[in-house]
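Q: Structure file query10.tsv, TSV, C-alpha atoms and all ligand atoms, is pasted below:
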```tsv
chain	number	residue	atom	x	y	z
A	21	MET	CA	14.98	12.63	-1.10
A	22	GLU	CA	12.49	14.89	-2.82
A	23	GLU	CA	8.98	14.77	-1.41
A	24	ILE	CA	6.40	14.30	-4.18
A	25	LEU	CA	3.30	14.00	-2.06
A	26	LYS	CA	2.69	15.18	1.46
A	27	ILE	CA	-0.61	14.66	3.26
A	28	THR	CA	-1.05	16.38	6.60
A	29	GLY	CA	-3.93	15.85	9.00
A	30	LEU	CA	-6.22	14.80	6.17
A	31	THR	CA	-9.75	14.14	7.38
A	32	LYS	CA	-13.06	13.40	5.66
A	33	ARG	CA	-16.28	13.30	7.62
A	34	TYR	CA	-19.71	12.31	6.35
A	35	LYS	CA	-22.25	13.56	8.90
A	36	ASN	CA	-21.19	11.69	12.04
A	37	TYR	CA	-19.02	9.18	10.23
A	38	THR	CA	-15.28	9.76	9.86
A	39	ALA	CA	-14.10	7.95	6.73
A	40	VAL	CA	-10.55	9.33	6.86
A	41	ASP	CA	-9.16	10.45	10.17
A	42	ASP	CA	-6.14	12.75	10.54
A	43	LEU	CA	-4.00	11.01	7.95
A	44	ASN	CA	-0.32	11.88	7.55
A	45	ILE	CA	1.59	10.35	4.66
A	46	SER	CA	4.55	11.33	2.56
A	47	VAL	CA	5.70	9.81	-0.71
A	48	LYS	CA	9.21	10.50	-1.91
A	49	LYS	CA	10.60	10.46	-5.43
A	50	GLY	CA	11.07	6.94	-6.75
A	51	GLU	CA	9.03	5.33	-4.00
A	52	VAL	CA	6.28	2.80	-4.55
A	53	TYR	CA	4.01	3.54	-1.62
A	54	GLY	CA	1.61	0.71	-0.83
A	55	PHE	CA	-1.59	1.93	0.73
A	56	LEU	CA	-2.98	-1.13	2.41
A	57	GLY	CA	-6.36	-1.44	4.06
A	58	GLN	CA	-9.39	-3.65	4.31
A	59	ASN	CA	-12.68	-2.91	2.57
A	60	GLY	CA	-14.07	0.33	3.89
A	61	ALA	CA	-10.77	1.41	5.47
A	62	GLY	CA	-10.77	4.75	3.65
A	63	LYS	CA	-8.39	4.15	0.70
A	64	THR	CA	-10.65	5.36	-2.11
A	65	THR	CA	-11.85	8.33	-0.08
A	66	THR	CA	-8.22	9.36	0.49
A	67	ILE	CA	-7.34	8.91	-3.17
A	68	HIS	CA	-10.38	10.92	-4.28
A	69	MET	CA	-9.21	13.74	-2.04
A	70	LEU	CA	-5.68	13.50	-3.46
A	71	LEU	CA	-7.02	13.88	-6.96
A	72	GLY	CA	-9.26	16.78	-6.04
A	73	LEU	CA	-12.41	14.75	-6.74
A	74	ILE	CA	-13.83	15.34	-3.27
A	75	GLN	CA	-13.10	18.04	-0.74
A	76	PRO	CA	-11.42	17.16	2.55
A	77	THR	CA	-13.19	18.20	5.75
A	78	SER	CA	-9.80	19.34	7.03
A	79	GLY	CA	-6.10	18.86	6.49
A	80	SER	CA	-3.83	19.61	3.59
A	81	ILE	CA	-2.33	17.96	0.51
A	82	GLU	CA	0.90	19.06	-1.13
A	83	LEU	CA	1.84	17.76	-4.57
A	84	PHE	CA	5.35	18.58	-5.77
A	85	GLY	CA	5.59	21.18	-3.01
A	86	GLN	CA	2.36	22.93	-3.99
A	87	PHE	CA	-0.75	22.99	-1.78
A	88	VAL	CA	-3.56	21.56	-3.86
A	89	THR	CA	-6.36	21.33	-1.33
A	90	GLY	CA	-9.26	23.19	-2.81
A	91	GLY	CA	-9.41	21.84	-6.33
A	92	ARG	CA	-7.59	23.22	-9.34
A	93	ALA	CA	-3.83	23.29	-9.33
A	94	LEU	CA	-1.13	22.93	-11.95
A	95	ALA	CA	0.42	20.11	-9.95
A	96	PHE	CA	-2.48	17.80	-10.91
A	97	GLY	CA	-1.03	17.82	-14.43
A	98	ARG	CA	1.98	15.94	-13.12
A	99	VAL	CA	-0.19	13.12	-11.73
A	100	GLY	CA	-1.66	10.15	-13.58
A	101	SER	CA	-4.33	7.97	-12.03
A	102	ILE	CA	-6.67	5.09	-12.39
A	103	ILE	CA	-9.55	4.59	-10.05
A	104	GLU	CA	-10.58	0.94	-9.89
A	105	MET	CA	-11.24	-0.67	-13.28
A	106	PRO	CA	-10.95	2.00	-15.98
A	107	GLY	CA	-13.54	1.67	-18.73
A	108	SER	CA	-12.71	1.69	-22.42
A	109	TYR	CA	-14.69	1.40	-25.64
A	110	PRO	CA	-14.69	-2.32	-26.54
A	111	ASN	CA	-15.29	-1.83	-30.26
A	112	LEU	CA	-12.38	0.55	-30.66
A	113	THR	CA	-8.72	-0.40	-30.80
A	114	ALA	CA	-6.18	0.42	-28.10
A	115	VAL	CA	-4.85	3.32	-30.18
A	116	GLU	CA	-8.35	4.69	-30.87
A	117	ASN	CA	-9.23	4.53	-27.17
A	118	LEU	CA	-6.11	6.42	-26.18
A	119	ASP	CA	-6.62	8.93	-28.96
A	120	ILE	CA	-10.04	9.86	-27.56
A	121	HIS	CA	-8.44	10.45	-24.20
A	122	ARG	CA	-5.56	12.42	-25.75
A	123	ARG	CA	-8.02	14.76	-27.46
A	124	LEU	CA	-10.10	15.13	-24.29
A	125	MET	CA	-6.95	16.16	-22.47
A	126	GLY	CA	-6.13	18.66	-25.20
A	127	MET	CA	-2.80	17.09	-26.03
A	128	GLY	CA	-1.65	17.94	-29.55
A	129	ASN	CA	1.05	15.38	-30.06
A	130	LYS	CA	0.00	11.86	-31.11
A	131	GLU	CA	3.38	10.32	-30.32
A	132	CYS	CA	2.42	9.93	-26.70
A	133	ILE	CA	-0.02	7.16	-27.66
A	134	GLU	CA	2.53	4.69	-29.00
A	135	GLU	CA	4.97	5.74	-26.32
A	136	SER	CA	2.63	4.84	-23.49
A	137	LEU	CA	1.44	1.67	-25.21
A	138	ALA	CA	5.08	0.63	-25.41
A	139	GLN	CA	5.56	1.43	-21.74
A	140	VAL	CA	2.81	-1.00	-20.75
A	141	GLY	CA	3.82	-3.66	-23.28
A	142	LEU	CA	0.80	-3.30	-25.56
A	143	LEU	CA	2.46	-1.96	-28.69
A	144	GLU	CA	1.96	-5.18	-30.63
A	145	ASN	CA	-1.73	-5.16	-29.77
A	146	ARG	CA	-2.24	-1.51	-30.56
A	147	ASN	CA	-4.59	-2.10	-33.49
A	148	LYS	CA	-6.67	-4.82	-31.86
A	149	LYS	CA	-10.13	-4.08	-30.59
A	150	VAL	CA	-10.26	-3.82	-26.83
A	151	LYS	CA	-13.06	-6.39	-26.62
A	152	SER	CA	-10.48	-9.04	-27.51
A	153	PHE	CA	-8.23	-7.99	-24.59
A	154	SER	CA	-7.84	-9.98	-21.39
A	155	LEU	CA	-8.70	-8.17	-18.14
A	156	GLY	CA	-4.98	-7.74	-17.46
A	157	MET	CA	-4.48	-6.13	-20.87
A	158	LYS	CA	-7.46	-3.82	-20.27
A	159	GLN	CA	-5.96	-2.78	-16.99
A	160	ARG	CA	-2.61	-2.13	-18.68
A	161	LEU	CA	-4.43	-0.04	-21.26
A	162	GLY	CA	-5.92	1.94	-18.36
A	163	ILE	CA	-2.41	2.52	-17.06
A	164	ALA	CA	-1.27	3.56	-20.56
A	165	ARG	CA	-4.05	6.15	-20.50
A	166	ALA	CA	-2.81	7.42	-17.14
A	167	LEU	CA	0.71	7.67	-18.60
A	168	LEU	CA	-0.20	9.65	-21.75
A	169	HIS	CA	0.79	13.03	-20.33
A	170	HIS	CA	4.07	11.73	-18.81
A	171	PRO	CA	3.12	11.99	-15.15
A	172	GLU	CA	5.76	11.88	-12.44
A	173	LEU	CA	3.39	10.38	-9.89
A	174	LEU	CA	0.97	7.58	-10.59
A	175	ILE	CA	-1.96	7.02	-8.23
A	176	LEU	CA	-3.58	3.62	-8.65
A	177	ASP	CA	-6.63	2.57	-6.64
A	178	GLU	CA	-6.74	-1.23	-6.42
A	179	PRO	CA	-5.29	-1.79	-9.91
A	180	THR	CA	-5.33	-5.57	-9.53
A	181	ASN	CA	-8.93	-5.87	-8.39
A	182	ALA	CA	-10.84	-8.52	-10.35
A	183	LEU	CA	-7.71	-9.74	-12.15
A	184	ASP	CA	-6.69	-13.40	-12.21
A	185	PRO	CA	-3.24	-14.41	-10.94
A	186	SER	CA	-1.54	-13.89	-14.30
A	187	GLY	CA	-3.21	-10.48	-14.73
A	188	ILE	CA	-2.11	-9.53	-11.23
A	189	LYS	CA	1.45	-10.52	-12.08
A	190	GLU	CA	1.39	-8.44	-15.29
A	191	VAL	CA	0.23	-5.33	-13.48
A	192	ARG	CA	2.64	-5.90	-10.61
A	193	HIS	CA	5.60	-6.16	-13.00
A	194	LEU	CA	4.46	-3.11	-14.86
A	195	ILE	CA	4.29	-1.01	-11.70
A	196	MET	CA	7.77	-2.12	-10.65
A	197	GLU	CA	9.13	-1.38	-14.11
A	198	LEU	CA	7.57	2.09	-14.26
A	199	ALA	CA	9.13	2.89	-10.91
A	200	SER	CA	12.58	1.48	-11.56
A	201	LYS	CA	13.07	2.24	-15.27
A	202	ARG	CA	10.98	5.38	-15.75
A	203	ASN	CA	11.54	6.83	-12.31
A	204	ILE	CA	7.82	7.31	-11.77
A	205	SER	CA	6.72	7.47	-8.13
A	206	VAL	CA	3.66	5.40	-7.37
A	207	LEU	CA	0.95	5.34	-4.73
A	208	VAL	CA	-0.95	2.09	-5.07
A	209	SER	CA	-3.79	0.90	-2.89
A	210	SER	CA	-4.78	-2.68	-2.19
A	211	HIS	CA	-6.47	-4.83	0.39
A	212	ILE	CA	-4.13	-7.73	-0.28
A	213	LEU	CA	-0.93	-7.75	1.68
A	214	SER	CA	0.96	-10.32	-0.39
A	215	GLU	CA	0.51	-8.25	-3.53
A	216	ILE	CA	1.56	-4.96	-2.11
A	217	GLN	CA	4.44	-6.52	-0.23
A	218	GLN	CA	6.06	-7.59	-3.50
A	219	ILE	CA	6.11	-4.17	-5.09
A	220	ALA	CA	6.11	-1.53	-2.38
A	221	THR	CA	9.17	0.19	-1.02
A	222	LYS	CA	7.03	1.41	1.86
A	223	ILE	CA	3.63	0.32	3.16
A	224	GLY	CA	1.13	2.46	5.04
A	225	ILE	CA	-1.66	0.55	6.72
A	226	ILE	CA	-4.99	2.31	7.00
A	227	HIS	CA	-7.61	0.96	9.36
A	228	ASN	CA	-10.90	2.66	10.18
A	229	GLY	CA	-9.66	5.79	8.43
A	230	LYS	CA	-6.47	6.01	10.48
A	231	LEU	CA	-2.90	5.28	9.50
A	232	VAL	CA	-2.04	2.60	12.03
A	233	GLN	CA	1.47	1.79	10.86
A	234	GLU	CA	4.07	2.58	8.25
A	235	ILE	CA	6.58	-0.06	7.32
A	236	ASP	CA	9.77	0.68	5.46
A	237	GLN	CA	11.69	-1.54	3.09
A	238	GLN	CA	13.93	-2.93	5.77
A	239	SER	CA	11.00	-4.18	7.84
A	240	LEU	CA	9.30	-5.48	4.72
A	241	GLN	CA	12.25	-7.75	4.21
A	242	MET	CA	11.81	-9.15	7.65
A	243	LYS	CA	9.10	-11.47	6.22
A	244	ASN	CA	9.99	-14.46	8.35
A	245	ARG	CA	11.45	-13.52	11.66
A	246	HIS	CA	12.43	-16.18	14.12
A	247	CYS	CA	11.22	-15.71	17.64
A	248	VAL	CA	10.63	-17.54	20.83
A	249	GLU	CA	7.02	-17.61	21.95
A	250	PHE	CA	6.00	-17.94	25.58
A	251	LYS	CA	2.52	-18.71	26.79
A	252	VAL	CA	2.34	-17.06	30.18
A	253	SER	CA	-0.15	-16.37	32.92
A	254	ASN	CA	0.50	-12.61	32.90
A	255	GLU	CA	1.81	-11.07	29.69
A	256	ARG	CA	1.90	-7.53	31.07
A	257	LYS	CA	4.13	-8.47	33.92
A	258	ALA	CA	6.22	-10.60	31.55
A	259	ALA	CA	6.65	-7.60	29.21
A	260	MET	CA	7.69	-5.40	32.12
A	261	LEU	CA	10.29	-7.96	33.22
A	262	LEU	CA	11.67	-8.21	29.70
A	263	GLU	CA	12.19	-4.49	29.50
A	264	GLN	CA	13.36	-3.78	33.01
A	265	ARG	CA	15.29	-6.91	34.01
A	266	LEU	CA	16.53	-8.22	30.71
A	267	THR	CA	16.63	-5.03	28.60
A	268	ILE	CA	14.72	-6.75	25.81
A	269	SER	CA	12.53	-4.40	23.82
A	270	ASP	CA	11.97	-6.30	20.56
A	271	TYR	CA	8.91	-8.33	21.49
A	272	SER	CA	5.21	-8.42	20.65
A	273	VAL	CA	2.00	-9.57	22.31
A	274	PRO	CA	0.00	-11.12	19.43
A	275	SER	CA	-2.82	-12.28	21.73
A	276	PRO	CA	-3.56	-12.29	25.46
A	277	GLY	CA	-1.25	-14.60	27.34
A	278	VAL	CA	1.23	-14.85	24.45
A	279	ILE	CA	4.50	-13.00	24.17
A	280	ARG	CA	6.92	-13.26	21.25
A	281	ILE	CA	10.54	-12.29	21.70
A	282	PHE	CA	12.74	-11.53	18.71
A	283	GLU	CA	16.11	-10.89	20.31
A	284	HIS	CA	18.45	-12.80	22.64
A	285	LEU	CA	16.94	-16.04	21.38
A	286	SER	CA	19.86	-18.06	22.71
A	287	GLU	CA	18.94	-16.88	26.19
A	288	ALA	CA	15.46	-18.34	26.13
A	289	SER	CA	16.11	-20.44	29.23
A	290	LEU	CA	17.25	-17.38	31.19
A	291	ILE	CA	14.08	-15.57	30.14
A	292	ASN	CA	12.04	-18.56	31.22
A	293	LYS	CA	13.81	-18.64	34.60
A	294	THR	CA	13.24	-14.92	35.13
A	295	PHE	CA	9.51	-15.29	34.45
A	296	VAL	CA	9.19	-18.22	36.87
A	297	GLN	CA	11.21	-16.45	39.57
A	298	HIS	CA	8.72	-13.59	39.39
A	299	ASP	CA	5.66	-15.80	39.79
A	300	ILE	CA	4.69	-15.94	36.14
A	301	ASP	CA	3.49	-19.38	35.06
A	302	VAL	CA	5.10	-20.44	31.80
A	303	LEU	CA	2.65	-22.79	30.12
A	304	GLU	CA	4.62	-23.25	26.91
A	305	MET	CA	7.83	-22.11	25.24
A	306	ILE	CA	8.33	-22.69	21.52
A	307	MET	CA	10.46	-21.38	18.68
A	308	VAL	CA	8.31	-19.94	15.90
A	309	ARG	CA	8.55	-17.84	12.77
A	310	GLU	CA	6.48	-14.69	12.56
A	311	THR	CA	5.49	-13.73	9.05
A	312	LEU	CA	4.76	-10.19	7.96
A	313	GLU	CA	1.16	-11.28	7.64
A	314	ASP	CA	1.04	-12.26	11.31
A	315	TYR	CA	2.47	-8.87	12.08
A	316	PHE	CA	-0.30	-7.06	10.18
A	317	LEU	CA	-3.01	-9.25	11.63
A	318	ASN	CA	-1.70	-8.35	14.99
A	319	LEU	CA	-2.05	-4.65	14.17
A	320	THR	CA	-5.54	-4.70	12.75
A	321	GLY	CA	-7.14	-7.99	13.71
A	322	GLY	CA	-8.23	-8.32	10.09
A	323	ASN	CA	-7.90	-10.84	7.32
A	324	TRP	CA	-5.21	-9.82	4.86
A	325	GLY	CA	-4.93	-12.95	2.84
A	326	ALA	CA	-8.31	-12.90	1.08
A	401	LIG	N1	-20.22	9.59	0.07
A	401	LIG	C1	-20.18	8.89	1.20
A	401	LIG	N2	-21.08	9.07	2.19
A	401	LIG	C2	-21.02	8.37	3.35
A	401	LIG	N3	-20.07	7.46	3.63
A	401	LIG	C3	-19.14	7.24	2.70
A	401	LIG	C4	-19.13	7.93	1.45
A	401	LIG	N4	-18.06	7.49	0.74
A	401	LIG	C5	-17.45	6.56	1.49
A	401	LIG	N5	-18.08	6.41	2.67
A	401	LIG	C6	-17.70	5.48	3.75
A	401	LIG	O1	-16.37	5.71	4.10
A	401	LIG	C7	-15.70	4.50	4.41
A	401	LIG	C8	-14.44	4.39	3.60
A	401	LIG	O2	-14.80	4.10	2.26
A	401	LIG	P1	-13.72	3.90	1.11
A	401	LIG	O3	-14.45	3.68	-0.15
A	401	LIG	O4	-12.75	5.02	1.16
A	401	LIG	O5	-13.00	2.57	1.57
A	401	LIG	P2	-11.92	1.70	0.79
A	401	LIG	O6	-10.77	1.52	1.73
A	401	LIG	O7	-11.66	2.26	-0.54
A	401	LIG	O8	-12.67	0.30	0.68
A	401	LIG	P3	-12.70	-0.79	-0.53
A	401	LIG	O9	-11.53	-1.71	-0.28
A	401	LIG	O10	-13.99	-1.49	-0.31
A	401	LIG	O11	-12.63	-0.08	-1.84
A	401	LIG	C9	-16.70	3.38	4.16
A	401	LIG	O12	-17.25	2.98	5.40
A	401	LIG	C10	-17.73	4.02	3.28
A	401	LIG	O13	-19.01	3.46	3.49
A	402	MG	MG	-11.88	1.52	-2.48
```
Represent the structure of the file as C-alpha cells.

A:
Amino acid sequence: MEEILKITGLTKRYKNYTAVDDLNISVKKGEVYGFLGQNGAGKTTTIHMLLGLIQPTSGSIELFGQFVTGGRALAFGRVGSIIEMPGSYPNLTAVENLDIHRRLMGMGNKECIEESLAQVGLLENRNKKVKSFSLGMKQRLGIARALLHHPELLILDEPTNALDPSGIKEVRHLIMELASKRNISVLVSSHILSEIQQIATKIGIIHNGKLVQEIDQQSLQMKNRHCVEFKVSNERKAAMLLEQRLTISDYSVPSPGVIRIFEHLSEASLINKTFVQHDIDVLEMIMVRETLEDYFLNLTGGNWGA
C-alpha cells in the first residue's frame, strides 16, 4: 500500500526538555491513523512539525514520497488540517466563511465551497450565520475548510475536543465517511481511547514524546479478550515457566504479582500445577476479560477514559 506519510526519528527538544522523542510513524493510503496520547504527550508538537509550523530538532518527514522537513514543499498542498477548534466569523454565513478562506488560499474556483459543504453535511445550512451553529456544526465547517483544496491527507488535532456526545458522533461519522467514500487518508489525534478506537484502522500511542505501541486493526478488534488471571508470589518466575515449560507466549503482567494468560485457557489447571510444582504460590486463579482499555492502561499507566 502506498505510503502517504513517513516520519523517521522525529525529535523536538526545548532546552533540556524533549517533547517528541525519536518518533517513527507511517500512514498508508486509505488509513485512519489514530494518534493517541495523554495531555502533554507530544501530539500537537508532532502535528505542528508535520505541517511545517515548527522545525524539528532532528529527524525527517516525508509526505507523498517527498522530504518536507525544512518548511516549504509542494506536498503541503495535498494536506488539509485543523488544529484544535478552528475559528470562524460568527456573523458571516458558512459560505462566506469558506469564501474568505478560498480567496486567502488563492483558489479561483468557487465550486469547491459547496462541494466541501456537501461533504461535511452542511449544504442545507450554507446560508445560515455561523453564530447559530452548534459546536459540532462549527467543527464540521472547520473540516469543510480543510477540504476546500481537495487534500489527500487530512491531519486533525483533537477534532472532538469540547464537543458534546452528539457532536463527537457527528465528527466521528464524518471522518469515517471521508476515509471510506472519498478515499482520504487521515491522521487524527485524541486523548480518548474509546473515540479513536471506533474510527482508526491503526492506533499509535505516544507517551512522554515516545511512540510506545502501534496497534493494527486486528488487535483493535480484540476489544474483549478472555484470559485466565493468576495471582502469584513470583510473576517473573511464573512468566519464565510459561515460556520455557509450557511454550505459552501470549500473556501479560498488568501489575506486580498478576499474570494474565490468553492462550491454552482449557489447560489452566495444568498451568496452576506447574506453578505450584516450581514453588510459586498461587493465591488466586480467575477467568477474566481484558478490554483494550486495560491493555493501554497497562502500557502507559494513564487514564484513558476521561
Ligand atoms: N514551545 C514550547 N516550549 C517548551 N515546551 C513546550 C513547547 N511546546 C510544547 N511544549 C511541551 O511539550 C510537551 C508536549 O506538548 P504537546 O502540546 O505536544 O502535547 P499534546 O499531546 O498535544 O497535549 P494535549 O493533549 O494537552 O494537547 C508538553 O509537556 C509541553 O509543555
Ligand atoms: Mg495538543

Q: If I take atom CA of A:Leu167 and atom O9 of ligand LIG 401 (chain A), how far is one from the other in Å, to one decimal?

A: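 It comes out at 23.9 Å.
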
Q: I'd like a table as a Markdown table: residues in chain A with an atom no more than 8 Å from ligand LIG 401 (chain A), each row giving the shortest atom pair and its distance in Å to one decimal, all atoms listed in the file counted, sorted by chain and rising residue number.

A:
```
| residue | atom | partner | partner_atom | distance |
| --- | --- | --- | --- | --- |
| A:Tyr34 | CA | A:LIG401 | C2 | 5.1 |
| A:Lys35 | CA | A:LIG401 | C2 | 7.7 |
| A:Tyr37 | CA | A:LIG401 | N3 | 6.9 |
| A:Thr38 | CA | A:LIG401 | O1 | 7.1 |
| A:Ala39 | CA | A:LIG401 | O1 | 4.1 |
| A:Val40 | CA | A:LIG401 | C8 | 7.1 |
| A:Gly57 | CA | A:LIG401 | O6 | 5.8 |
| A:Gln58 | CA | A:LIG401 | O9 | 5.4 |
| A:Asn59 | CA | A:LIG401 | O9 | 3.3 |
| A:Gly60 | CA | A:LIG401 | O5 | 3.4 |
| A:Ala61 | CA | A:LIG401 | O6 | 3.7 |
| A:Gly62 | CA | A:LIG401 | O4 | 3.2 |
| A:Lys63 | CA | A:LIG401 | O6 | 3.7 |
| A:Thr64 | CA | A:LIG401 | O7 | 3.6 |
| A:Thr65 | CA | A:LIG401 | O4 | 3.6 |
| A:Thr66 | CA | A:LIG401 | O4 | 6.3 |
| A:Ile67 | CA | A:LIG401 | O4 | 7.9 |
| A:Asp177 | CA | A:LIG401 | O7 | 7.9 |
| A:Glu178 | CA | A:LIG401 | O11 | 7.5 |
| A:Ser210 | CA | A:LIG401 | O9 | 7.1 |
| A:His211 | CA | A:LIG401 | O9 | 6.0 |
| A:Ile226 | CA | A:LIG401 | O6 | 7.9 |
| A:Asn228 | CA | A:LIG401 | C8 | 7.7 |
| A:Gly229 | CA | A:LIG401 | C8 | 6.9 |
```

Q: Output C-alpha atoms for every residue in that selection, as a PDB file, in the coordinates of the input.

A:
```pdb
ATOM      1  CA  TYR A  34     -19.710  12.310   6.350  1.00  0.00           C
ATOM      2  CA  LYS A  35     -22.250  13.560   8.900  1.00  0.00           C
ATOM      3  CA  TYR A  37     -19.020   9.180  10.230  1.00  0.00           C
ATOM      4  CA  THR A  38     -15.280   9.760   9.860  1.00  0.00           C
ATOM      5  CA  ALA A  39     -14.100   7.950   6.730  1.00  0.00           C
ATOM      6  CA  VAL A  40     -10.550   9.330   6.860  1.00  0.00           C
ATOM      7  CA  GLY A  57      -6.360  -1.440   4.060  1.00  0.00           C
ATOM      8  CA  GLN A  58      -9.390  -3.650   4.310  1.00  0.00           C
ATOM      9  CA  ASN A  59     -12.680  -2.910   2.570  1.00  0.00           C
ATOM     10  CA  GLY A  60     -14.070   0.330   3.890  1.00  0.00           C
ATOM     11  CA  ALA A  61     -10.770   1.410   5.470  1.00  0.00           C
ATOM     12  CA  GLY A  62     -10.770   4.750   3.650  1.00  0.00           C
ATOM     13  CA  LYS A  63      -8.390   4.150   0.700  1.00  0.00           C
ATOM     14  CA  THR A  64     -10.650   5.360  -2.110  1.00  0.00           C
ATOM     15  CA  THR A  65     -11.850   8.330  -0.080  1.00  0.00           C
ATOM     16  CA  THR A  66      -8.220   9.360   0.490  1.00  0.00           C
ATOM     17  CA  ILE A  67      -7.340   8.910  -3.170  1.00  0.00           C
ATOM     18  CA  ASP A 177      -6.630   2.570  -6.640  1.00  0.00           C
ATOM     19  CA  GLU A 178      -6.740  -1.230  -6.420  1.00  0.00           C
ATOM     20  CA  SER A 210      -4.780  -2.680  -2.190  1.00  0.00           C
ATOM     21  CA  HIS A 211      -6.470  -4.830   0.390  1.00  0.00           C
ATOM     22  CA  ILE A 226      -4.990   2.310   7.000  1.00  0.00           C
ATOM     23  CA  ASN A 228     -10.900   2.660  10.180  1.00  0.00           C
ATOM     24  CA  GLY A 229      -9.660   5.790   8.430  1.00  0.00           C
TER      25      GLY A 229
END
```

Q: Using atom CA of A:His246 and atom CA of A:Phe282 as the two end points, give the distance in Å to one decimal.

A: 6.5 Å

Q: Just the number, please: distance in Å from atom CA of A:Ser214 to atom CA of A:Thr28, one decimal.

A: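 These two atoms are separated by 27.7 Å.
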
Q: Go ahead and find all residues with at least one atom no further than 12 Å from (-1.9, 5.4, -25.0) in the file's coordinates, using all atoms listed in the file; report them as a PyMOL selection string.

A: chain A and resi 108+113-123+127+129-143+145-147+158+160-170

Q: Pick the closest to A:Val52 from A:Val232, A:Leu30, A:Cys247, A:Leu176: which is it, counting only C-alpha atoms?

A: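 Among the listed residues, the smallest separation from A:Val52 belongs to A:Leu176.
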
Q: Taking into account only C-alpha atoms, which residue in the set A:Asp270, A:Glu249, A:Glu263, A:Glu172 is nearest to A:Ser289?

A: A:Glu249

Q: Would you please work out which residue, of A:His284, A:Arg33, A:His68, A:Arg265, is nearest to ligand MG 402 (chain A) when using only C-alpha atoms and all ligand atoms?

A: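 That would be A:His68, the residue with the smallest distance to ligand MG 402 (chain A).
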